[in-house]
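Here is the structure we will look at, set down as structure tokens.
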There are 2 protein chains.
Amino acid sequence: MSTEIYDANTYEPRKSVGHLMNRVRTAMFAALDAELGADTDLARFEVSAAQFVVIASLAMGEADSASQLCKGISYDAGAMTRMIDRLESKGLIRRRRDADDRRLVNIELTEQGREAFPKMRQCAMGVLNRFLRGFTQNEARQLESFLNRMLENS
Amino acid sequence: MSTEIYDANTYEPRKSVGHLMNRVRTAMFAALDAELGADTDLARFEVSAAQFVVIASLAMGEADSASQLCKGISYDAGAMTRMIDRLESKGLIRRRRDADDRRLVNIELTEQGREAFPKMRQCAMGVLNRFLRGFTQNEARQLESFLNRMLENS
DNA sequence: TGACAATAATAGCCTTGACAATGATAGCCT
DNA sequence: AGGCTATCATTGTCAAGGCTATTATTGTCA
């Protein structure tokens, strides 16, 4: 007996979970980029979907340093430095060297960042709900659980 | 009553389907890149996860021109031109102007490409099966169906 | 104390995808 | 045939992530 999901006979790359997920992710990010760019209050920040994820992590108190952000959202450290550059130059976040461990750079939202977050959150939520149109609550929870299980398998 | 999945009270960006899917996708692509790079037969081609998807589409007869590839896998046309450049320079595929419609460029696998494909397919399948460890067949089919429904909603 | 490994942020280089503009071709319509 | 529009591939440009040093700092251990 086998516990494998795909086997050599039935596996069709283009219909597989891997490829499908790639397409859905790309579509969702593009949709969120568009949404954030179209919003009257947010357009001036030109914030992208990826940037929103960082801001959200800070706003929800899930991270307060660059390295924590990297771990929390699975993001490259070098890319994070520049991501922080961008958000800082937009006035949405602020850097501050940690006093205890001077290797660390603490990151916090600025007043402007805190103000803008709820609107961004609203946009992101709207996009997700659009993509999940026709899903029951149960199905959505199940999808979340599937994704979490895949993450744990990695 | 509401048909919305997420609402302002319960929506947590980092736990949402959007962010989770982004992380899973990134992890899967990285894993497949590593797998393809480690395989003795395939390493010399230095083929990436994204490139595999193109080769697979050709091998499965799901596309035979650049534009069909773009549509089939939701890929930018400009990016596809250069993707084809790369694969062609590796000797895995071949370009040929279509005789009937000279706007079209037909793409076909070379002998080398056809030979290499089964091994790539094997790698990709292995990665997917690893990420889907612990899933029942039903759950996997359900996940595929969820993703397809999201694509249709976009 | 000093050598050495581990961690954090950063900078440089390279790859690659997205977007817009361009040129060639095809289909349609009159 | 001529004009209009759509489609296809290509190119240039730009933005962003991945990888690999590099530097500063911390912790460990002899």
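Each chain of the structure tokens is named A, B, ... in the order shown, its residues numbered from 1; ligands are numbered from 1 in display order.
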Kindly provide the residues of chain B that approach chain A to within 8 Å, each paired with its closest atom pair and their distance in Å to one decimal, based on only C-alpha atoms, listed by chain and increasing number, as CSV.
```
residue,atom,partner,partner_atom,distance
B:Thr3,CA,A:Gly134,CA,7.7
B:Glu4,CA,A:Asn129,CA,5.8
B:Ile5,CA,A:Asn129,CA,5.8
B:Tyr6,CA,A:Asn129,CA,6.5
B:Asp7,CA,A:Met125,CA,7.4
B:Ala8,CA,A:Gln122,CA,7.4
B:Tyr11,CA,A:Met125,CA,7.1
B:Pro13,CA,A:Ala56,CA,6.5
B:Arg14,CA,A:Ser57,CA,7.0
B:Lys15,CA,A:Glu144,CA,7.8
B:Ser16,CA,A:Glu144,CA,7.0
B:Val17,CA,A:Glu144,CA,5.7
B:Gly18,CA,A:Leu128,CA,6.8
B:His19,CA,A:Val53,CA,7.5
B:Leu20,CA,A:Leu147,CA,6.2
B:Met21,CA,A:Arg25,CA,6.4
B:Asn22,CA,A:Arg25,CA,6.0
B:Arg23,CA,A:Ser74,CA,6.4
B:Val24,CA,A:Leu151,CA,5.8
B:Arg25,CA,A:Asn22,CA,6.0
B:Ala27,CA,A:Ser154,CA,6.9
B:Met28,CA,A:Gly18,CA,7.1
B:Val53,CA,A:Pro13,CA,7.0
B:Ala56,CA,A:Pro13,CA,6.5
B:Ser57,CA,A:Arg14,CA,6.9
B:Ile73,CA,A:Arg23,CA,7.3
B:Ser74,CA,A:Arg23,CA,6.6
B:Arg121,CA,A:Pro13,CA,7.6
B:Gln122,CA,A:Ala8,CA,7.4
B:Ala124,CA,A:Pro13,CA,7.9
B:Met125,CA,A:Tyr6,CA,6.5
B:Leu128,CA,A:Gly18,CA,6.8
B:Asn129,CA,A:Ile5,CA,5.8
B:Arg130,CA,A:Asn153,CA,6.9
B:Phe131,CA,A:Met150,CA,5.1
B:Leu132,CA,A:Met150,CA,6.1
B:Arg133,CA,A:Asn153,CA,6.7
B:Gly134,CA,A:Thr3,CA,7.7
B:Phe135,CA,A:Ile5,CA,7.4
B:Thr136,CA,A:Ile5,CA,7.3
B:Gln137,CA,A:Ile5,CA,6.0
B:Ala140,CA,A:Ile5,CA,7.1
B:Leu143,CA,A:Leu143,CA,6.8
B:Glu144,CA,A:Val17,CA,5.7
B:Phe146,CA,A:Leu143,CA,7.4
B:Leu147,CA,A:Leu20,CA,6.2
B:Asn148,CA,A:Leu20,CA,7.1
B:Arg149,CA,A:Leu132,CA,8.0
B:Met150,CA,A:Phe131,CA,5.1
B:Leu151,CA,A:Val24,CA,5.8
B:Asn153,CA,A:Phe131,CA,5.3
B:Ser154,CA,A:Phe131,CA,6.2
```
For chain B versus chain C, which residues have an atom no more than 8 Å away, and what is each residue's nearest atom pair and distance in Å rounded to one decimal, using only C-alpha atoms (C1' of nucleotides), chain-then-number order, as a Markdown table?
```
| residue | atom | partner | partner_atom | distance |
| --- | --- | --- | --- | --- |
| B:Asp76 | CA | C:DA18 | C1' | 7.2 |
| B:Ala79 | CA | C:DG17 | C1' | 6.2 |
| B:Asp101 | CA | C:DA26 | C1' | 7.4 |
| B:Arg102 | CA | C:DT25 | C1' | 6.4 |
| B:Arg103 | CA | C:DT25 | C1' | 5.4 |
```
Expected file: the selected residues, N, CA and C atoms, as a PDB file, in the first residue's frame:
```pdb
ATOM      1  N   ASP B  76       3.252  35.880 -17.989  1.00  0.00           N
ATOM      2  CA  ASP B  76       3.407  37.081 -18.807  1.00  0.00           C
ATOM      3  C   ASP B  76       4.079  36.763 -20.139  1.00  0.00           C
ATOM      4  N   ALA B  79       7.809  37.773 -20.317  1.00  0.00           N
ATOM      5  CA  ALA B  79       8.603  36.834 -19.529  1.00  0.00           C
ATOM      6  C   ALA B  79       8.727  35.503 -20.268  1.00  0.00           C
ATOM      7  N   ASP B 101       0.202  30.532 -39.693  1.00  0.00           N
ATOM      8  CA  ASP B 101       0.045  31.842 -39.051  1.00  0.00           C
ATOM      9  C   ASP B 101       1.423  32.305 -38.612  1.00  0.00           C
ATOM     10  N   ARG B 102       2.011  33.190 -39.407  1.00  0.00           N
ATOM     11  CA  ARG B 102       3.404  33.536 -39.171  1.00  0.00           C
ATOM     12  C   ARG B 102       3.614  34.430 -37.956  1.00  0.00           C
ATOM     13  N   ARG B 103       2.527  34.784 -37.273  1.00  0.00           N
ATOM     14  CA  ARG B 103       2.724  35.471 -35.998  1.00  0.00           C
ATOM     15  C   ARG B 103       3.144  34.470 -34.925  1.00  0.00           C
TER      16      ARG B 103
END
```
Go ahead and align chain B to chain A (same sequence, so just pair every C-alpha in order, least squares) and export the moved chain as a PDB file with C-alpha atoms, in the first residue's frame.
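Written out: superposed.pdb:
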```
ATOM      1  CA  MET B   1      -0.298   0.012  -0.168  1.00  0.00           C
ATOM      2  CA  SER B   2       0.967   3.516  -0.813  1.00  0.00           C
ATOM      3  CA  THR B   3       0.479   6.777   1.018  1.00  0.00           C
ATOM      4  CA  GLU B   4       1.505   8.837  -1.983  1.00  0.00           C
ATOM      5  CA  ILE B   5      -0.988  11.292  -3.384  1.00  0.00           C
ATOM      6  CA  TYR B   6       0.263  11.413  -6.952  1.00  0.00           C
ATOM      7  CA  ASP B   7       1.622   8.481  -8.921  1.00  0.00           C
ATOM      8  CA  ALA B   8       3.276   8.234 -12.310  1.00  0.00           C
ATOM      9  CA  ASN B   9       0.033   7.290 -14.015  1.00  0.00           C
ATOM     10  CA  THR B  10      -2.253   9.970 -12.702  1.00  0.00           C
ATOM     11  CA  TYR B  11       0.020  12.952 -12.097  1.00  0.00           C
ATOM     12  CA  GLU B  12      -0.740  15.854 -14.456  1.00  0.00           C
ATOM     13  CA  PRO B  13       1.549  18.765 -13.686  1.00  0.00           C
ATOM     14  CA  ARG B  14      -0.835  21.488 -14.770  1.00  0.00           C
ATOM     15  CA  LYS B  15      -3.685  20.151 -12.669  1.00  0.00           C
ATOM     16  CA  SER B  16      -1.556  19.484  -9.631  1.00  0.00           C
ATOM     17  CA  VAL B  17      -1.691  21.323  -6.359  1.00  0.00           C
ATOM     18  CA  GLY B  18       1.680  22.893  -7.055  1.00  0.00           C
ATOM     19  CA  HIS B  19       0.824  24.570 -10.281  1.00  0.00           C
ATOM     20  CA  LEU B  20      -2.674  25.538  -9.232  1.00  0.00           C
ATOM     21  CA  MET B  21      -1.385  27.154  -6.080  1.00  0.00           C
ATOM     22  CA  ASN B  22       1.117  29.151  -8.064  1.00  0.00           C
ATOM     23  CA  ARG B  23      -1.597  30.518 -10.289  1.00  0.00           C
ATOM     24  CA  VAL B  24      -3.957  31.327  -7.457  1.00  0.00           C
ATOM     25  CA  ARG B  25      -1.241  33.096  -5.530  1.00  0.00           C
ATOM     26  CA  THR B  26      -0.238  35.173  -8.535  1.00  0.00           C
ATOM     27  CA  ALA B  27      -3.844  36.147  -9.195  1.00  0.00           C
ATOM     28  CA  MET B  28      -4.467  37.080  -5.567  1.00  0.00           C
ATOM     29  CA  PHE B  29      -1.352  39.219  -5.321  1.00  0.00           C
ATOM     30  CA  ALA B  30      -2.169  41.008  -8.548  1.00  0.00           C
ATOM     31  CA  ALA B  31      -5.709  41.632  -7.341  1.00  0.00           C
ATOM     32  CA  LEU B  32      -4.515  43.005  -4.030  1.00  0.00           C
ATOM     33  CA  ASP B  33      -1.921  45.209  -5.716  1.00  0.00           C
ATOM     34  CA  ALA B  34      -4.677  46.622  -7.889  1.00  0.00           C
ATOM     35  CA  GLU B  35      -6.989  47.117  -4.927  1.00  0.00           C
ATOM     36  CA  LEU B  36      -4.366  48.904  -2.847  1.00  0.00           C
ATOM     37  CA  GLY B  37      -3.424  51.049  -5.812  1.00  0.00           C
ATOM     38  CA  ALA B  38      -7.014  52.038  -6.505  1.00  0.00           C
ATOM     39  CA  ASP B  39      -7.950  53.048  -2.967  1.00  0.00           C
ATOM     40  CA  THR B  40      -8.061  56.811  -2.630  1.00  0.00           C
ATOM     41  CA  ASP B  41      -6.454  56.961   0.788  1.00  0.00           C
ATOM     42  CA  LEU B  42      -3.808  54.357   0.101  1.00  0.00           C
ATOM     43  CA  ALA B  43      -2.761  55.102  -3.457  1.00  0.00           C
ATOM     44  CA  ARG B  44      -0.255  57.745  -2.388  1.00  0.00           C
ATOM     45  CA  PHE B  45       1.709  55.131  -0.436  1.00  0.00           C
ATOM     46  CA  GLU B  46       1.906  52.821  -3.421  1.00  0.00           C
ATOM     47  CA  VAL B  47       2.007  49.877  -1.093  1.00  0.00           C
ATOM     48  CA  SER B  48       2.212  46.392  -2.602  1.00  0.00           C
ATOM     49  CA  ALA B  49       0.687  43.141  -1.446  1.00  0.00           C
ATOM     50  CA  ALA B  50       4.046  42.004  -0.116  1.00  0.00           C
ATOM     51  CA  GLN B  51       4.478  45.233   1.791  1.00  0.00           C
ATOM     52  CA  PHE B  52       1.038  44.876   3.305  1.00  0.00           C
ATOM     53  CA  VAL B  53       2.022  41.557   4.829  1.00  0.00           C
ATOM     54  CA  VAL B  54       4.929  43.220   6.622  1.00  0.00           C
ATOM     55  CA  ILE B  55       2.820  46.076   7.898  1.00  0.00           C
ATOM     56  CA  ALA B  56       0.185  43.635   9.057  1.00  0.00           C
ATOM     57  CA  SER B  57       2.728  41.622  11.020  1.00  0.00           C
ATOM     58  CA  LEU B  58       3.834  44.767  12.790  1.00  0.00           C
ATOM     59  CA  ALA B  59       0.338  46.044  13.376  1.00  0.00           C
ATOM     60  CA  MET B  60      -0.806  42.753  14.850  1.00  0.00           C
ATOM     61  CA  GLY B  61       2.174  42.701  17.193  1.00  0.00           C
ATOM     62  CA  GLU B  62       3.484  39.493  15.651  1.00  0.00           C
ATOM     63  CA  ALA B  63       6.974  40.913  15.155  1.00  0.00           C
ATOM     64  CA  ASP B  64       8.998  43.909  16.202  1.00  0.00           C
ATOM     65  CA  SER B  65      12.366  43.321  14.555  1.00  0.00           C
ATOM     66  CA  ALA B  66      13.651  42.563  11.095  1.00  0.00           C
ATOM     67  CA  SER B  67      14.619  39.003  11.886  1.00  0.00           C
ATOM     68  CA  GLN B  68      11.287  38.264  13.514  1.00  0.00           C
ATOM     69  CA  LEU B  69       9.578  39.562  10.411  1.00  0.00           C
ATOM     70  CA  CYS B  70      11.678  37.277   8.233  1.00  0.00           C
ATOM     71  CA  LYS B  71      10.859  34.228  10.289  1.00  0.00           C
ATOM     72  CA  GLY B  72       7.227  35.084  10.663  1.00  0.00           C
ATOM     73  CA  ILE B  73       6.521  35.478   7.004  1.00  0.00           C
ATOM     74  CA  SER B  74       9.254  33.287   5.461  1.00  0.00           C
ATOM     75  CA  TYR B  75      11.125  36.083   3.789  1.00  0.00           C
ATOM     76  CA  ASP B  76      14.751  36.481   2.787  1.00  0.00           C
ATOM     77  CA  ALA B  77      16.795  38.657   5.149  1.00  0.00           C
ATOM     78  CA  GLY B  78      18.468  40.635   2.386  1.00  0.00           C
ATOM     79  CA  ALA B  79      15.173  41.296   0.732  1.00  0.00           C
ATOM     80  CA  MET B  80      13.770  42.350   4.094  1.00  0.00           C
ATOM     81  CA  THR B  81      16.399  45.036   4.582  1.00  0.00           C
ATOM     82  CA  ARG B  82      15.352  46.686   1.358  1.00  0.00           C
ATOM     83  CA  MET B  83      11.690  46.073   2.027  1.00  0.00           C
ATOM     84  CA  ILE B  84      12.142  48.011   5.261  1.00  0.00           C
ATOM     85  CA  ASP B  85      13.990  50.721   3.341  1.00  0.00           C
ATOM     86  CA  ARG B  86      11.010  51.156   1.081  1.00  0.00           C
ATOM     87  CA  LEU B  87       8.433  51.233   3.838  1.00  0.00           C
ATOM     88  CA  GLU B  88      10.572  53.594   5.869  1.00  0.00           C
ATOM     89  CA  SER B  89      10.964  55.994   2.965  1.00  0.00           C
ATOM     90  CA  LYS B  90       7.205  56.008   2.608  1.00  0.00           C
ATOM     91  CA  GLY B  91       6.941  56.996   6.227  1.00  0.00           C
ATOM     92  CA  LEU B  92       4.956  53.938   7.234  1.00  0.00           C
ATOM     93  CA  ILE B  93       7.490  52.368   9.599  1.00  0.00           C
ATOM     94  CA  ARG B  94      10.503  53.408  11.642  1.00  0.00           C
ATOM     95  CA  ARG B  95      13.834  51.743  12.472  1.00  0.00           C
ATOM     96  CA  ARG B  96      15.419  51.878  15.904  1.00  0.00           C
ATOM     97  CA  ARG B  97      18.476  50.030  17.139  1.00  0.00           C
ATOM     98  CA  ASP B  98      17.633  47.793  20.067  1.00  0.00           C
ATOM     99  CA  ALA B  99      19.352  49.040  23.223  1.00  0.00           C
ATOM    100  CA  ASP B 100      19.788  45.608  24.788  1.00  0.00           C
ATOM    101  CA  ASP B 101      20.937  43.694  21.716  1.00  0.00           C
ATOM    102  CA  ARG B 102      22.592  46.086  19.326  1.00  0.00           C
ATOM    103  CA  ARG B 103      22.507  43.579  16.502  1.00  0.00           C
ATOM    104  CA  LEU B 104      18.766  43.955  16.401  1.00  0.00           C
ATOM    105  CA  VAL B 105      16.842  46.622  14.593  1.00  0.00           C
ATOM    106  CA  ASN B 106      13.450  47.194  16.098  1.00  0.00           C
ATOM    107  CA  ILE B 107      10.755  48.100  13.663  1.00  0.00           C
ATOM    108  CA  GLU B 108       7.612  49.958  14.549  1.00  0.00           C
ATOM    109  CA  LEU B 109       4.760  51.509  12.679  1.00  0.00           C
ATOM    110  CA  THR B 110       4.677  55.269  12.480  1.00  0.00           C
ATOM    111  CA  GLU B 111       1.511  57.133  13.295  1.00  0.00           C
ATOM    112  CA  GLN B 112       0.850  57.282   9.562  1.00  0.00           C
ATOM    113  CA  GLY B 113       1.367  53.531   9.298  1.00  0.00           C
ATOM    114  CA  ARG B 114      -1.022  52.815  12.129  1.00  0.00           C
ATOM    115  CA  GLU B 115      -3.591  55.039  10.531  1.00  0.00           C
ATOM    116  CA  ALA B 116      -3.312  53.443   7.113  1.00  0.00           C
ATOM    117  CA  PHE B 117      -3.369  49.848   8.277  1.00  0.00           C
ATOM    118  CA  PRO B 118      -7.130  49.376   8.832  1.00  0.00           C
ATOM    119  CA  LYS B 119      -7.843  50.493   5.293  1.00  0.00           C
ATOM    120  CA  MET B 120      -5.223  48.113   3.892  1.00  0.00           C
ATOM    121  CA  ARG B 121      -6.623  45.332   5.982  1.00  0.00           C
ATOM    122  CA  GLN B 122     -10.015  46.093   4.540  1.00  0.00           C
ATOM    123  CA  CYS B 123      -8.666  45.850   0.993  1.00  0.00           C
ATOM    124  CA  ALA B 124      -6.908  42.584   1.644  1.00  0.00           C
ATOM    125  CA  MET B 125      -9.961  41.110   3.284  1.00  0.00           C
ATOM    126  CA  GLY B 126     -12.104  42.131   0.349  1.00  0.00           C
ATOM    127  CA  VAL B 127      -9.811  40.458  -2.128  1.00  0.00           C
ATOM    128  CA  LEU B 128      -9.711  37.248  -0.119  1.00  0.00           C
ATOM    129  CA  ASN B 129     -13.458  37.178   0.236  1.00  0.00           C
ATOM    130  CA  ARG B 130     -13.816  37.615  -3.509  1.00  0.00           C
ATOM    131  CA  PHE B 131     -11.525  34.671  -4.191  1.00  0.00           C
ATOM    132  CA  LEU B 132     -13.393  32.609  -1.629  1.00  0.00           C
ATOM    133  CA  ARG B 133     -16.807  33.387  -3.044  1.00  0.00           C
ATOM    134  CA  GLY B 134     -19.027  30.346  -2.750  1.00  0.00           C
ATOM    135  CA  PHE B 135     -16.930  28.772   0.005  1.00  0.00           C
ATOM    136  CA  THR B 136     -18.596  27.779   3.250  1.00  0.00           C
ATOM    137  CA  GLN B 137     -16.921  28.714   6.494  1.00  0.00           C
ATOM    138  CA  ASN B 138     -16.040  25.080   6.930  1.00  0.00           C
ATOM    139  CA  GLU B 139     -14.401  24.856   3.552  1.00  0.00           C
ATOM    140  CA  ALA B 140     -12.345  27.969   4.207  1.00  0.00           C
ATOM    141  CA  ARG B 141     -11.165  26.655   7.561  1.00  0.00           C
ATOM    142  CA  GLN B 142     -10.308  23.373   5.905  1.00  0.00           C
ATOM    143  CA  LEU B 143      -8.300  25.131   3.224  1.00  0.00           C
ATOM    144  CA  GLU B 144      -6.366  27.026   5.875  1.00  0.00           C
ATOM    145  CA  SER B 145      -5.690  23.793   7.675  1.00  0.00           C
ATOM    146  CA  PHE B 146      -4.464  22.105   4.493  1.00  0.00           C
ATOM    147  CA  LEU B 147      -2.044  24.945   3.877  1.00  0.00           C
ATOM    148  CA  ASN B 148      -0.756  24.845   7.425  1.00  0.00           C
ATOM    149  CA  ARG B 149      -0.172  21.118   7.162  1.00  0.00           C
ATOM    150  CA  MET B 150       1.774  21.608   3.944  1.00  0.00           C
ATOM    151  CA  LEU B 151       3.922  24.234   5.608  1.00  0.00           C
ATOM    152  CA  GLU B 152       4.670  21.846   8.428  1.00  0.00           C
ATOM    153  CA  ASN B 153       5.685  19.206   5.907  1.00  0.00           C
ATOM    154  CA  SER B 154       8.308  21.480   4.402  1.00  0.00           C
TER     155      SER B 154
END
```
May I have a table of the residues of chain D lying at most 7 Å from chain A, giving each one's closest pair of atoms and their distance in Å to one decimal, counting only C-alpha atoms (C1' of nucleotides), ordered by chain and ascending residue number, as CSV?
```
residue,atom,partner,partner_atom,distance
D:DG17,C1',A:Ala79,CA,6.1
D:DA24,C1',A:Arg103,CA,6.9
D:DT25,C1',A:Arg103,CA,5.4
```
With C-alpha atoms (C1' of nucleotides) kept, could you save the residues just selected as an mmCIF file, in the first residue's frame?
```cif
data_model
loop_
_atom_site.group_PDB
_atom_site.id
_atom_site.type_symbol
_atom_site.label_atom_id
_atom_site.label_comp_id
_atom_site.auth_asym_id
_atom_site.auth_seq_id
_atom_site.Cartn_x
_atom_site.Cartn_y
_atom_site.Cartn_z
ATOM 1 C "C1'" DG D 17 13.522 38.394 -4.474
ATOM 2 C "C1'" DA D 24 29.088 44.250 13.821
ATOM 3 C "C1'" DT D 25 27.666 42.151 17.698
#
```
What residues in stretch 86-127 of chain B get the DSSP label alpha helix (DSSP H)? Please answer as a PDB file with C-alpha atoms, in the first residue's frame.
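Dumped to out.pdb:
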```
ATOM      1  CA  ARG B  86      16.645  30.101 -21.689  1.00  0.00           C
ATOM      2  CA  LEU B  87      15.159  26.700 -22.380  1.00  0.00           C
ATOM      3  CA  GLU B  88      16.224  26.892 -25.999  1.00  0.00           C
ATOM      4  CA  SER B  89      19.796  27.740 -25.071  1.00  0.00           C
ATOM      5  CA  GLU B 111      14.967  14.905 -28.125  1.00  0.00           C
ATOM      6  CA  GLN B 112      16.998  15.923 -25.086  1.00  0.00           C
ATOM      7  CA  GLY B 113      13.957  17.640 -23.600  1.00  0.00           C
ATOM      8  CA  ARG B 114      11.765  14.612 -24.115  1.00  0.00           C
ATOM      9  CA  GLU B 115      14.371  12.444 -22.500  1.00  0.00           C
ATOM     10  CA  ALA B 116      14.793  14.662 -19.464  1.00  0.00           C
ATOM     11  CA  PHE B 117      11.118  15.225 -18.790  1.00  0.00           C
ATOM     12  CA  PRO B 118      10.249  11.950 -16.999  1.00  0.00           C
ATOM     13  CA  LYS B 119      13.004  12.539 -14.481  1.00  0.00           C
ATOM     14  CA  MET B 120      11.821  16.102 -13.849  1.00  0.00           C
ATOM     15  CA  ARG B 121       8.297  14.875 -13.481  1.00  0.00           C
ATOM     16  CA  GLN B 122       9.535  12.397 -10.932  1.00  0.00           C
ATOM     17  CA  CYS B 123      11.230  15.155  -8.936  1.00  0.00           C
ATOM     18  CA  ALA B 124       8.187  17.373  -8.987  1.00  0.00           C
ATOM     19  CA  MET B 125       5.934  14.537  -7.954  1.00  0.00           C
ATOM     20  CA  GLY B 126       8.226  13.685  -5.079  1.00  0.00           C
ATOM     21  CA  VAL B 127       8.190  17.219  -3.777  1.00  0.00           C
TER      22      VAL B 127
END
```
Self-check item: DSSP strand (DSSP E or B) selection over chain A, as a ChimeraX atom specification
Solution: /A:65,93-97,105-109
